[in-house]
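Pasted below: entry.cif, mmCIF, C-alpha atoms and all ligand atoms.
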```cif
data_work
loop_
_atom_site.label_atom_id
_atom_site.label_comp_id
_atom_site.auth_asym_id
_atom_site.auth_seq_id
_atom_site.Cartn_x
_atom_site.Cartn_y
_atom_site.Cartn_z
CA MET S 23 98.04 56.79 73.66
CA SER S 24 97.49 60.40 74.82
CA ARG S 25 100.41 62.73 74.32
CA LEU S 26 98.87 65.86 75.85
CA ALA S 27 99.00 66.35 79.63
CA ILE S 28 95.37 67.47 79.62
CA ASN S 29 94.45 63.98 78.37
CA GLY S 30 96.73 62.15 80.83
CA GLY S 31 100.01 62.26 78.84
CA ASP S 32 103.36 63.47 80.20
CA ALA S 33 103.57 67.22 80.90
CA VAL S 34 106.37 69.34 79.41
CA THR S 35 107.37 70.16 83.01
CA LYS S 36 105.98 69.73 86.49
CA ASN S 37 107.95 72.55 88.10
CA TRP S 38 108.23 75.43 85.69
CA LEU S 39 108.31 78.19 88.31
CA VAL S 40 110.48 76.60 90.99
CA ALA S 41 113.19 79.28 90.62
CA LYS S 42 111.38 81.88 92.78
CA GLY S 43 113.46 84.59 91.09
CA LEU S 44 111.45 87.50 92.50
CA LYS S 45 112.62 88.72 95.89
CA LYS S 46 110.52 89.27 99.00
CA ARG S 47 111.57 91.29 102.07
CA ARG S 48 109.20 89.86 104.66
CA ASP S 49 111.76 90.83 107.33
CA LEU S 50 111.45 94.52 106.40
CA GLU S 51 107.67 94.33 106.05
CA ARG S 52 107.49 92.96 109.59
CA GLN S 53 110.05 95.48 110.92
CA PHE S 54 108.22 98.51 109.48
CA LEU S 55 104.86 97.12 110.59
CA LEU S 56 106.13 96.82 114.17
CA GLU S 57 107.59 100.31 113.97
CA ALA S 58 104.20 101.62 112.86
CA TYR S 59 102.47 99.71 115.64
CA ASP S 60 104.88 100.90 118.33
CA SER S 61 104.76 104.51 117.12
CA ASP S 62 101.02 104.70 117.87
CA VAL S 63 100.68 106.70 114.64
CA TRP S 64 98.40 104.34 112.78
CA ASP S 65 96.77 106.79 110.42
CA ASP S 66 98.07 109.15 107.72
CA TRP S 67 97.84 112.77 108.75
CA PRO S 68 99.24 115.60 106.58
CA GLU S 69 102.63 116.90 107.60
CA THR S 70 102.94 114.23 110.31
CA GLU S 71 105.86 111.80 110.35
CA SER S 72 104.62 108.20 109.97
CA GLN S 73 105.19 105.03 107.96
CA ALA S 74 102.55 106.45 105.59
CA SER S 75 104.40 109.74 105.06
CA ARG S 76 107.60 107.76 104.45
CA PHE S 77 106.02 105.35 101.97
CA ALA S 78 104.32 108.23 100.13
CA ALA S 79 107.71 109.96 99.76
CA GLU S 80 109.46 106.73 98.73
CA TRP S 81 106.78 105.78 96.19
CA ALA S 82 106.92 109.29 94.70
CA GLU S 83 110.70 109.07 94.46
CA PHE S 84 110.61 105.55 92.92
CA CYS S 85 108.13 106.70 90.25
CA GLY S 86 109.81 110.09 89.75
CA SER S 87 106.77 112.04 90.89
CA ALA S 88 106.73 115.40 92.68
CA PHE S 89 103.85 114.37 94.97
CA CYS S 90 102.06 111.23 96.15
CA ALA S 91 98.92 110.87 98.29
CA LEU S 92 97.91 107.49 99.72
CA LEU S 93 94.26 106.44 99.61
CA THR S 94 92.04 103.49 100.49
CA ASN S 95 92.17 101.67 97.12
CA GLY S 96 92.59 102.02 93.37
CA THR S 97 88.87 102.67 92.83
CA HIS S 98 88.66 105.62 95.22
CA THR S 99 91.86 107.02 93.67
CA LEU S 100 90.09 107.28 90.31
CA GLN S 101 86.97 108.79 91.87
CA VAL S 102 88.96 111.33 93.91
CA ALA S 103 91.12 112.16 90.87
CA LEU S 104 87.99 113.01 88.87
CA GLU S 105 86.48 115.04 91.71
CA THR S 106 89.77 116.88 92.16
CA LEU S 107 89.58 117.84 88.49
CA ASP S 108 86.02 119.04 89.16
CA ILE S 109 84.56 116.42 86.82
CA GLY S 110 80.96 115.42 87.51
CA ALA S 111 77.40 115.83 86.27
CA GLY S 112 77.20 116.84 82.62
CA ASP S 113 80.76 115.70 81.85
CA GLU S 114 82.11 112.79 79.81
CA VAL S 115 85.26 110.76 80.40
CA ILE S 116 86.83 108.44 77.83
CA VAL S 117 87.80 104.97 79.08
CA PRO S 118 88.90 101.74 77.34
CA GLY S 119 86.50 98.83 76.84
CA LEU S 120 88.87 96.22 78.25
CA THR S 121 89.58 96.95 81.90
CA TRP S 122 88.44 96.20 85.42
CA GLN S 123 85.05 97.78 86.04
CA ALA S 124 86.49 100.40 88.45
CA THR S 125 87.86 102.48 85.56
CA ALA S 126 84.32 103.16 84.33
CA SER S 127 82.46 102.82 87.66
CA ALA S 128 84.48 105.69 89.14
CA VAL S 129 83.20 107.89 86.31
CA CYS S 130 79.57 106.96 87.03
CA ASP S 131 80.15 107.43 90.75
CA VAL S 132 80.88 111.12 90.15
CA ASN S 133 77.75 111.25 87.95
CA ALA S 134 79.73 111.76 84.74
CA VAL S 135 79.33 109.53 81.66
CA PRO S 136 81.98 106.96 80.75
CA VAL S 137 82.46 106.97 76.97
CA ILE S 138 83.83 103.54 76.18
CA VAL S 139 86.38 103.20 73.37
CA ASP S 140 87.79 100.04 71.76
CA ILE S 141 91.38 98.86 72.16
CA GLU S 142 94.41 98.26 69.94
CA PRO S 143 94.42 94.57 68.95
CA ASP S 144 98.18 94.26 69.45
CA THR S 145 98.67 96.06 72.82
CA LEU S 146 95.17 95.61 74.38
CA CYS S 147 95.29 99.26 75.53
CA ILE S 148 92.93 102.06 74.44
CA ASP S 149 93.24 102.81 70.70
CA PRO S 150 94.32 106.46 70.28
CA ALA S 151 93.07 106.41 66.68
CA LEU S 152 89.48 106.00 67.95
CA ILE S 153 89.57 108.68 70.61
CA GLU S 154 89.01 111.85 68.60
CA ALA S 155 85.74 110.50 67.19
CA ALA S 156 84.57 109.94 70.78
CA ILE S 157 85.32 113.50 71.95
CA THR S 158 82.38 115.89 72.36
CA SER S 159 82.00 119.34 73.88
CA ARG S 160 81.36 117.59 77.22
CA THR S 161 84.55 115.49 77.26
CA ARG S 162 86.84 116.44 80.16
CA ALA S 163 89.33 113.61 80.57
CA ILE S 164 90.76 110.34 79.28
CA ILE S 165 91.56 107.44 81.62
CA PRO S 166 94.01 105.22 79.73
CA VAL S 167 94.69 101.89 81.44
CA HIS S 168 98.18 100.41 81.18
CA LEU S 169 96.64 96.97 80.83
CA TYR S 170 98.32 93.64 81.61
CA HIS S 171 101.68 93.55 79.81
CA ARG S 172 101.74 96.91 78.00
CA MET S 173 101.43 100.66 78.52
CA ALA S 174 98.90 102.76 76.62
CA ASP S 175 100.46 105.06 73.99
CA LEU S 176 101.14 108.11 76.15
CA ASP S 177 102.73 110.06 73.26
CA GLN S 178 99.57 110.00 71.18
CA LEU S 179 97.27 110.38 74.17
CA SER S 180 99.17 113.44 75.43
CA GLU S 181 98.96 114.99 71.98
CA ILE S 182 95.19 114.45 71.80
CA ALA S 183 94.72 115.70 75.37
CA ARG S 184 96.70 118.85 74.62
CA LYS S 185 94.77 119.53 71.41
CA HIS S 186 91.38 119.16 73.10
CA ASN S 187 92.32 120.53 76.53
CA LEU S 188 91.60 117.27 78.34
CA ALA S 189 93.10 115.86 81.52
CA ILE S 190 94.72 112.42 81.54
CA VAL S 191 94.28 110.21 84.59
CA GLU S 192 96.58 107.21 84.08
CA ASP S 193 95.14 104.01 85.56
CA CYS S 194 98.36 102.26 86.63
CA ALA S 195 96.76 99.46 88.69
CA HIS S 196 98.57 96.84 86.55
CA THR S 197 101.88 98.51 85.99
CA HIS S 198 103.85 99.40 89.14
CA GLY S 199 107.42 100.16 88.06
CA SER S 200 106.83 100.64 84.31
CA ARG S 201 108.49 103.58 82.58
CA TRP S 202 107.67 105.53 79.42
CA ARG S 203 110.72 107.30 77.95
CA ASP S 204 112.28 106.78 81.37
CA LYS S 205 109.46 108.53 83.20
CA GLY S 206 107.47 106.53 85.75
CA ALA S 207 103.96 105.35 84.87
CA GLY S 208 101.50 107.74 86.45
CA THR S 209 103.74 110.81 86.12
CA LEU S 210 102.90 111.72 82.52
CA GLY S 211 99.19 112.42 83.04
CA THR S 212 97.64 115.05 85.29
CA LEU S 213 97.23 112.31 87.89
CA GLY S 214 98.38 108.68 88.09
CA SER S 215 96.30 106.13 89.97
CA TYR S 216 97.67 103.00 91.68
CA SER S 217 96.04 100.05 93.42
CA PHE S 218 97.71 97.96 96.13
CA GLN S 219 94.94 95.35 96.22
CA ARG S 220 95.79 91.72 97.01
CA SER S 221 96.69 90.52 93.49
CA LYS S 222 98.88 93.50 92.53
CA LEU S 223 102.68 93.70 92.18
CA LEU S 224 102.82 95.61 95.48
CA THR S 225 100.07 94.95 97.99
CA ALA S 226 98.87 95.75 101.47
CA GLY S 227 95.76 93.63 100.96
CA GLU S 228 94.05 96.86 99.88
CA GLY S 229 95.29 100.37 99.24
CA GLY S 230 95.80 103.01 96.58
CA ALA S 231 97.92 106.03 95.67
CA LEU S 232 97.65 109.09 93.48
CA LEU S 233 100.68 110.72 91.87
CA MET S 234 100.65 114.32 90.70
CA GLN S 235 103.17 116.98 89.69
CA ASP S 236 101.16 120.02 90.76
CA GLU S 237 101.19 121.04 94.42
CA GLN S 238 97.72 122.57 94.30
CA ILE S 239 96.31 119.29 92.97
CA TYR S 240 98.15 117.43 95.75
CA TRP S 241 96.52 119.51 98.49
CA LYS S 242 93.14 119.19 96.82
CA VAL S 243 93.51 115.38 96.88
CA VAL S 244 94.66 115.49 100.53
CA SER S 245 91.54 117.51 101.33
CA GLN S 246 89.27 115.21 99.33
CA ARG S 247 90.59 112.03 100.92
CA SER S 248 90.00 113.52 104.35
CA CYS S 249 86.33 114.53 104.44
CA GLY S 250 87.02 117.89 102.81
CA ARG S 251 89.19 119.30 105.63
CA GLU S 252 90.73 122.35 104.03
CA TYR S 253 94.44 121.98 104.97
CA ARG S 254 96.34 123.95 102.32
CA ALA S 255 93.84 123.31 99.50
CA GLY S 256 92.41 126.80 99.82
CA ILE S 257 88.90 125.61 98.93
CA LYS S 258 85.98 124.06 100.74
CA ILE S 259 84.98 120.71 99.24
CA HIS S 260 82.42 118.17 100.36
CA SER S 261 84.00 114.70 100.53
CA GLY S 262 84.41 111.46 102.49
CA ASN S 263 87.12 109.44 104.19
CA TYR S 264 89.45 107.73 101.71
CA ARG S 265 92.60 107.44 103.81
CA MET S 266 95.03 104.54 104.02
CA THR S 267 96.45 103.47 107.40
CA SER S 268 100.13 103.63 108.34
CA LEU S 269 99.99 99.90 109.09
CA GLN S 270 99.29 99.22 105.39
CA ALA S 271 101.92 101.72 104.29
CA ALA S 272 104.51 100.00 106.51
CA VAL S 273 103.99 96.70 104.67
CA LEU S 274 104.25 98.52 101.34
CA ARG S 275 107.57 100.11 102.39
CA GLY S 276 109.05 96.64 102.90
CA GLN S 277 107.68 95.48 99.56
CA LEU S 278 109.08 98.49 97.76
CA MET S 279 112.58 97.63 99.03
CA ALA S 280 112.29 94.24 97.29
CA PHE S 281 110.53 95.69 94.26
CA ARG S 282 113.45 98.02 93.51
CA GLU S 283 115.33 94.85 92.49
CA ASN S 284 112.34 92.97 91.08
CA ALA S 285 111.34 95.68 88.60
CA SER S 286 114.26 95.18 86.21
CA LEU S 287 113.97 91.39 86.53
CA ILE S 288 110.26 91.54 85.61
CA ASP S 289 111.13 93.67 82.58
CA ALA S 290 113.92 91.31 81.46
CA ARG S 291 111.84 88.18 82.01
CA GLY S 292 108.90 89.76 80.18
CA ARG S 293 111.14 90.26 77.14
CA ASP S 294 112.35 86.63 77.44
CA LEU S 295 108.74 85.40 77.59
CA ASP S 296 107.90 87.52 74.52
CA ARG S 297 110.81 85.89 72.65
CA ALA S 298 109.66 82.43 73.77
CA VAL S 299 106.13 83.14 72.50
CA ASP S 300 107.42 84.49 69.18
CA ALA S 301 109.51 81.34 68.68
CA ALA S 302 106.36 79.19 68.96
CA PRO S 303 103.78 78.50 66.21
CA GLY S 304 100.23 79.87 66.28
CA VAL S 305 100.80 82.64 68.84
CA ARG S 306 102.40 86.08 69.12
CA SER S 307 103.56 88.50 71.76
CA LEU S 308 102.01 91.92 72.29
CA ARG S 309 103.56 94.88 70.45
CA ARG S 310 105.93 96.79 72.73
CA HIS S 311 106.03 100.53 71.97
CA LYS S 312 109.63 101.69 71.70
CA ALA S 313 108.95 104.40 74.30
CA ILE S 314 108.47 101.73 76.99
CA THR S 315 111.81 101.76 78.78
CA ARG S 316 110.69 99.36 81.51
CA GLN S 317 107.63 97.11 81.42
CA CYS S 318 106.44 95.71 84.74
CA SER S 319 103.15 93.86 84.64
CA TYR S 320 100.50 92.47 86.88
CA MET S 321 99.86 89.79 84.25
CA TYR S 322 101.88 88.47 81.35
CA ALA S 323 99.77 88.36 78.16
CA PHE S 324 100.14 86.94 74.67
CA LEU S 325 97.79 86.31 71.75
CA LEU S 326 96.53 83.26 69.89
CA GLU S 327 96.29 83.34 66.09
CA PRO S 328 92.85 81.66 65.92
CA GLN S 329 93.25 80.49 62.30
CA GLU S 330 96.16 78.33 63.51
CA TRP S 331 93.91 76.56 66.03
CA PRO S 332 90.80 75.60 64.03
CA ASP S 333 87.91 74.41 66.21
CA ILE S 334 90.04 74.83 69.34
CA PRO S 335 88.51 77.52 71.59
CA ALA S 336 90.92 79.77 73.51
CA THR S 337 89.55 78.34 76.78
CA GLU S 338 90.66 74.87 75.72
CA PHE S 339 94.10 76.13 74.64
CA ARG S 340 94.57 77.79 78.06
CA ARG S 341 93.59 74.60 79.90
CA ALA S 342 95.87 72.43 77.80
CA LEU S 343 98.81 74.85 78.26
CA ALA S 344 98.17 74.93 82.02
CA ALA S 345 98.37 71.14 82.10
CA GLU S 346 101.72 71.19 80.25
CA LEU S 347 103.36 73.86 82.44
CA GLY S 348 101.62 73.39 85.79
CA ILE S 349 100.47 77.00 86.18
CA GLU S 350 97.09 78.64 85.59
CA PHE S 351 96.40 80.58 82.37
CA TYR S 352 93.50 83.06 82.39
CA SER S 353 91.14 84.79 79.99
CA PRO S 354 91.07 88.61 80.02
CA TYR S 355 88.34 90.80 81.52
CA THR S 356 84.95 90.60 79.90
CA PRO S 357 84.58 93.83 77.89
CA LEU S 358 82.64 96.54 79.77
CA SER S 359 79.83 96.40 77.17
CA HIS S 360 78.71 93.06 78.68
CA SER S 361 80.74 92.63 81.83
CA GLU S 362 79.18 90.63 84.66
CA VAL S 363 80.51 93.18 87.19
CA TYR S 364 79.59 96.44 85.49
CA TYR S 365 75.92 97.33 86.09
CA PRO S 366 75.88 101.11 86.65
CA HIS S 367 72.12 101.32 86.02
CA SER S 368 71.46 99.03 89.04
CA LYS S 369 72.64 101.69 91.53
CA LYS S 370 69.92 104.08 92.63
CA ARG S 371 72.43 106.90 93.01
CA HIS S 372 72.73 106.84 89.20
CA HIS S 373 68.99 107.25 88.58
CA LEU S 374 69.37 110.97 87.93
CA ASN S 375 67.06 111.02 84.92
CA LYS S 376 66.17 108.91 81.90
CA ALA S 377 68.81 110.50 79.67
CA TYR S 378 71.60 109.85 82.17
CA LEU S 379 70.52 106.23 82.68
CA GLY S 380 70.53 105.71 78.91
CA SER S 381 73.96 107.29 78.58
CA ILE S 382 75.59 104.92 81.09
CA SER S 383 74.00 101.76 79.69
CA PRO S 384 76.90 99.36 78.95
CA SER S 385 75.08 97.84 75.95
CA ARG S 386 75.33 101.22 74.16
CA TRP S 387 78.86 100.32 73.11
CA ASP S 388 79.99 98.05 70.32
CA LEU S 389 83.57 96.90 70.94
CA PRO S 390 84.53 94.33 68.28
CA ILE S 391 88.26 94.26 69.09
CA CYS S 392 87.63 93.84 72.83
CA ASP S 393 85.18 91.03 72.06
CA ASP S 394 87.61 89.21 69.77
CA ILE S 395 90.48 89.49 72.26
CA TRP S 396 88.24 88.28 75.07
CA GLN S 397 86.61 85.40 73.22
CA ASN S 398 89.34 84.15 70.92
CA ARG S 399 92.77 85.48 71.57
CA ALA S 400 94.24 86.56 74.90
CA VAL S 401 96.16 84.18 77.15
CA LEU S 402 97.23 85.53 80.55
CA ALA S 403 99.41 84.40 83.43
CA LEU S 404 99.66 86.17 86.79
CA TRP S 405 102.89 88.04 87.65
CA PRO S 406 104.60 85.16 89.54
CA VAL S 407 105.29 83.88 85.99
CA PHE S 408 108.14 86.44 85.88
CA SER S 409 109.97 84.39 88.51
CA VAL S 410 110.70 81.70 85.90
CA ALA S 411 114.44 80.97 85.60
CA ALA S 412 116.06 82.26 82.38
CA GLU S 413 117.00 78.73 81.31
CA GLN S 414 113.41 77.50 81.80
CA VAL S 415 111.67 80.20 79.73
CA SER S 416 111.96 78.18 76.50
CA LEU S 417 109.68 75.52 78.00
CA LEU S 418 106.86 77.92 77.10
CA THR S 419 107.88 77.61 73.43
CA ASP S 420 108.07 73.81 73.80
CA ALA S 421 104.64 73.59 75.43
CA ILE S 422 102.92 75.74 72.79
CA ALA S 423 104.74 73.89 69.96
CA LYS S 424 103.57 70.59 71.46
CA LEU S 425 99.93 71.73 71.55
CA HIS S 426 100.24 73.00 67.97
CA LYS S 427 101.72 69.68 66.76
CA GLU S 428 99.03 67.70 68.59
CA ARG S 429 96.12 69.89 67.48
CA ASP S 430 94.14 66.83 66.33
CA GLU S 431 94.39 65.21 69.74
CA LEU S 432 93.48 68.52 71.41
CA ARG S 433 90.41 68.89 69.17
CA LYS S 434 89.26 65.28 69.69
CA GLY S 435 89.81 65.64 73.45
CA ILE S 436 87.49 68.66 73.52
CA ARG S 437 84.69 66.53 72.08
CA ARG S 438 85.38 63.79 74.62
CA ARG S 439 85.54 66.22 77.53
CA THR S 440 82.43 68.14 76.53
CA ASN S 441 80.52 64.84 76.03
CA HIS S 442 80.83 64.30 79.75
CA PRO S 443 77.56 65.80 81.10
CA GLY S 444 79.24 67.90 83.83
CA LYS S 445 81.74 69.38 81.40
CA ALA S 446 79.03 70.03 78.83
CA ILE S 447 77.11 72.12 81.34
CA ALA S 448 80.30 73.97 82.31
CA ALA S 449 81.01 74.65 78.63
CA LEU S 450 77.68 76.47 78.30
CA PHE S 451 78.91 79.12 80.72
CA LEU S 452 82.31 79.77 79.10
C1 LIG N 1 92.75 98.47 85.86
C2 LIG N 1 92.26 98.61 87.27
N1 LIG N 1 91.83 99.80 87.71
C3 LIG N 1 91.39 99.98 88.95
C4 LIG N 1 91.34 98.92 89.84
C5 LIG N 1 90.76 99.14 91.20
O1 LIG N 1 91.66 98.94 92.23
P1 LIG N 1 91.16 98.48 93.68
O2 LIG N 1 90.81 97.03 93.62
O3 LIG N 1 92.35 98.75 94.55
O4 LIG N 1 90.00 99.31 94.03
C6 LIG N 1 91.78 97.66 89.44
C7 LIG N 1 91.76 96.53 90.38
O5 LIG N 1 91.94 95.40 90.07
C8 LIG N 1 92.25 97.48 88.12
O6 LIG N 1 92.66 96.30 87.68
#
```
Would you mind writing the file's structure down as structure tokens?
Amino acid sequence: MSRLAINGGDAVTKNWLVAKGLKKRRDLERQFLLEAYDSDVWDDWPETESQASRFAAEWAEFCGSAFCALLTNGTHTLQVALETLDIGAGDEVIVPGLTWQATASAVCDVNAVPVIVDIEPDTLCIDPALIEAAITSRTRAIIPVHLYHRMADLDQLSEIARKHNLAIVEDCAHTHGSRWRDKGAGTLGTLGSYSFQRSKLLTAGEGGALLMQDEQIYWKVVSQRSCGREYRAGIKIHSGNYRMTSLQAAVLRGQLMAFRENASLIDARGRDLDRAVDAAPGVRSLRRHKAITRQCSYMYAFLLEPQEWPDIPATEFRRALAAELGIEFYSPYTPLSHSEVYYPHSKKRHHLNKAYLGSISPSRWDLPICDDIWQNRAVLALWPVFSVAAEQVSLLTDAIAKLHKERDELRKGIRRRTNHPGKAIAALFL
């Protein structure tokens, strides 16, 4: 008789996330949205009172930033950040190998070269120990990504940046609300970039924000996001339209009201989930740097110890765990060196010359840690997992322990499932 839910046995639970611990303030979202609508101020104009100017001020205050400018999305924020720092043709920018393609695409889109560096195996963020070897006379900036359930080591990165006179643009798309030594993510680098895209902890469907501590940089961003209108930037810059609407900002204001309470809950539940993982066999939580004073995450992540799961691919572990707990578990991004969404050479704008095309070729980079994490180790759950009730968290330990105990059944089931012709074809693409 099958014991594992994936083979038709009883699941550990059918309603793991029923608690709905994370708050929503739909009432405020709707109220602010109507206020924006009725005000007739639907855009975001400098020094003009609007839902956008209010959200920008509130987001800056929540993160502890001197300035905040709202933009269209978390891709344009990176591009505008680089252009604001005057980074472009002839320059290099260091980025991690495990991230959404935007982190590197933004570098190509200003005609600079993304230099792709491997990650730490226990935090999944860029490995500071590998950065100095990647620095050349052309390097201008580092874009660390605070990926999934951890922040990149801002102490070491700041030290390296200082030593080599580099800017840091923090990519905070995954980490709204996290704090490093009690300073908000995005406030320790020269600029901090946020995304408010659909899947993120705060969302207006789309949207982005840049944080900065320097007023001159703020006005340069305001100019850049608005077709190069000079405002108080004091320079003439060619640019495009990268502005958010006040209607989006209104929704984000309502979400921020709820998020003020959710942030500490996400941090506490993340620690509980880490403890639950560490109490289970064959897996371990990510290393949490002691400087992280609050960890808020777009995805919860933990790692498999592959030697504990012989002949059981990570994909199969994730499916079996999903069947036990009734929620989806995901694999991480494909490393940029062979990502299916990172093809910078396919864009004619990047055909500057043969040397440039060669320098942006993703296959240039060998990223063994990224590859191992991607193929064999990382297990991810989207942020609603943080709504699990405190007394239900240990079901994660139970589910993993059950899979570990029934490894033989799991292994045999893989053979049975992949013998089915449809599944066998699917397996070829995993
Ligand atoms: C790490 C990272 N950086 C940048 C982005 C780009 O943000 P957007 O989708 O708002 O353009 C994303 C989006 O998922 C992301 O995950």
Output the neighbourhood of ligand LIG 1 (chain N) as a PyMOL selection string, that is, all protein and nucleic acid residues with some atom at most 10 Å from the ligand, counting all atoms listed in the file.
chain S and resi 93-100+118+120-128+165-170+192-197+215-222+225-231+320+355
Neighbouring residues of Trp331 of chain S were defined as those with any atom within 10 Å, considering only C-alpha atoms; residues of the same chain fewer than 5 positions away were excluded. Please report them as an MDAnalysis selection string.
chainID S and resid 304:305 326 336 339 425:426 429:430 432:433
Out of S:Ile259, S:Val137, S:Ala79, S:Met321, which residue has the shortest atom-to-atom distance to Leu232 of chain S when counting all atoms listed in the file?
S:Ala79
Residues near Glu346 of chain S, cut-off 8 Å, only C-alpha atoms, skip fewer than 4 positions along chain, as a PDB file with C-alpha atoms, in the frame of the given file:
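Saved as result_23.pdb:
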```pdb
ATOM      1  CA  LEU S  26      98.870  65.860  75.850  1.00  0.00           C
ATOM      2  CA  ALA S  27      99.000  66.350  79.630  1.00  0.00           C
ATOM      3  CA  ILE S  28      95.370  67.470  79.620  1.00  0.00           C
ATOM      4  CA  ASP S  32     103.360  63.470  80.200  1.00  0.00           C
ATOM      5  CA  ALA S  33     103.570  67.220  80.900  1.00  0.00           C
ATOM      6  CA  VAL S  34     106.370  69.340  79.410  1.00  0.00           C
ATOM      7  CA  THR S  35     107.370  70.160  83.010  1.00  0.00           C
ATOM      8  CA  LYS S  36     105.980  69.730  86.490  1.00  0.00           C
ATOM      9  CA  ALA S 342      95.870  72.430  77.800  1.00  0.00           C
ATOM     10  CA  ALA S 421     104.640  73.590  75.430  1.00  0.00           C
TER      11      ALA S 421
END
```
One-decimal distance in Å that lies between atom CA of Trp405 of chain S and atom CA of Lys42 of chain S:
11.7 Å
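Nearest to Thr145 of chain S of all the residues S:Leu389, S:Met279, S:Ala400, S:Val273 is S:Ala400, counting only C-alpha atoms.
Take the candidates S:Glu114, S:Glu142, S:Asp296, S:Glu413 and check each one against Pro390 of chain S using only C-alpha atoms; the shortest distance goes to S:Glu142.
One finds atom CA of Gly119 of chain S at 29.1 Å from atom CA of Met266 of chain S.
Between atom CA of His311 of chain S and atom CA of His171 of chain S the interatomic distance comes to 11.4 Å.
Distance check against Leu39 of chain S using all atoms listed in the file: of S:Arg184, S:Ile164, S:Thr419, S:Val407, the minimum falls on S:Val407.
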With all atoms listed in the file as the counted atoms, please give the residues lying no more than 10 Å from Arg48 of chain S, apart from itself and same-chain residues fewer than 2 positions off, as a ChimeraX atom specification.
/S:45-46,50-54,273,276-277,280
Spatial neighbours of Ile153 of chain S, 10 Å, only C-alpha atoms, chain gap at least 3 places, as a ChimeraX atom specification:
/S:116-118,137-140,148-150,156-157,164,179,182-183
Given only C-alpha atoms as the basis, pick out the residue of S:Lys205, S:Arg282, S:His198, S:Arg160 nearest to Thr315 of chain S.
S:Lys205
Can you complete the atoms of segment 131-142 of chain S to N, CA, C and O atoms and list them as a short mmCIF file (atom, residue, chain, number, x, y, z; two decimals), keeping the file's coordinate frame?
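The result, written out as part-v6.cif:
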```
data_model
loop_
_atom_site.label_atom_id
_atom_site.label_comp_id
_atom_site.auth_asym_id
_atom_site.auth_seq_id
_atom_site.Cartn_x
_atom_site.Cartn_y
_atom_site.Cartn_z
N ASP S 131 80.32 107.07 89.34
CA ASP S 131 80.15 107.43 90.75
C ASP S 131 80.38 108.92 91.02
O ASP S 131 80.09 109.39 92.12
N VAL S 132 80.89 109.66 90.01
CA VAL S 132 80.88 111.12 90.15
C VAL S 132 79.79 111.72 89.25
O VAL S 132 79.79 112.92 88.99
N ASN S 133 78.89 110.84 88.78
CA ASN S 133 77.75 111.25 87.95
C ASN S 133 78.15 111.80 86.57
O ASN S 133 77.38 112.52 85.94
N ALA S 134 79.34 111.45 86.12
CA ALA S 134 79.73 111.76 84.74
C ALA S 134 79.43 110.52 83.88
O ALA S 134 79.03 109.48 84.40
N VAL S 135 79.64 110.64 82.58
CA VAL S 135 79.33 109.53 81.66
C VAL S 135 80.62 108.91 81.13
O VAL S 135 81.44 109.62 80.54
N PRO S 136 80.82 107.59 81.36
CA PRO S 136 81.98 106.96 80.75
C PRO S 136 81.71 106.69 79.27
O PRO S 136 80.71 106.04 78.93
N VAL S 137 82.58 107.22 78.41
CA VAL S 137 82.46 106.97 76.97
C VAL S 137 83.48 105.89 76.65
O VAL S 137 84.69 106.09 76.81
N ILE S 138 82.96 104.73 76.23
CA ILE S 138 83.83 103.54 76.18
C ILE S 138 84.37 103.34 74.76
O ILE S 138 83.60 103.27 73.79
N VAL S 139 85.69 103.25 74.66
CA VAL S 139 86.38 103.20 73.37
C VAL S 139 87.10 101.85 73.23
O VAL S 139 87.59 101.30 74.22
N ASP S 140 87.16 101.35 72.01
CA ASP S 140 87.79 100.04 71.76
C ASP S 140 89.31 100.12 71.91
O ASP S 140 89.87 101.21 72.03
N ILE S 141 89.94 98.95 71.86
CA ILE S 141 91.38 98.86 72.16
C ILE S 141 92.19 98.55 70.90
O ILE S 141 91.64 98.14 69.88
N GLU S 142 93.51 98.70 71.02
CA GLU S 142 94.41 98.26 69.94
C GLU S 142 94.51 96.73 70.02
O GLU S 142 94.78 96.20 71.11
#
```
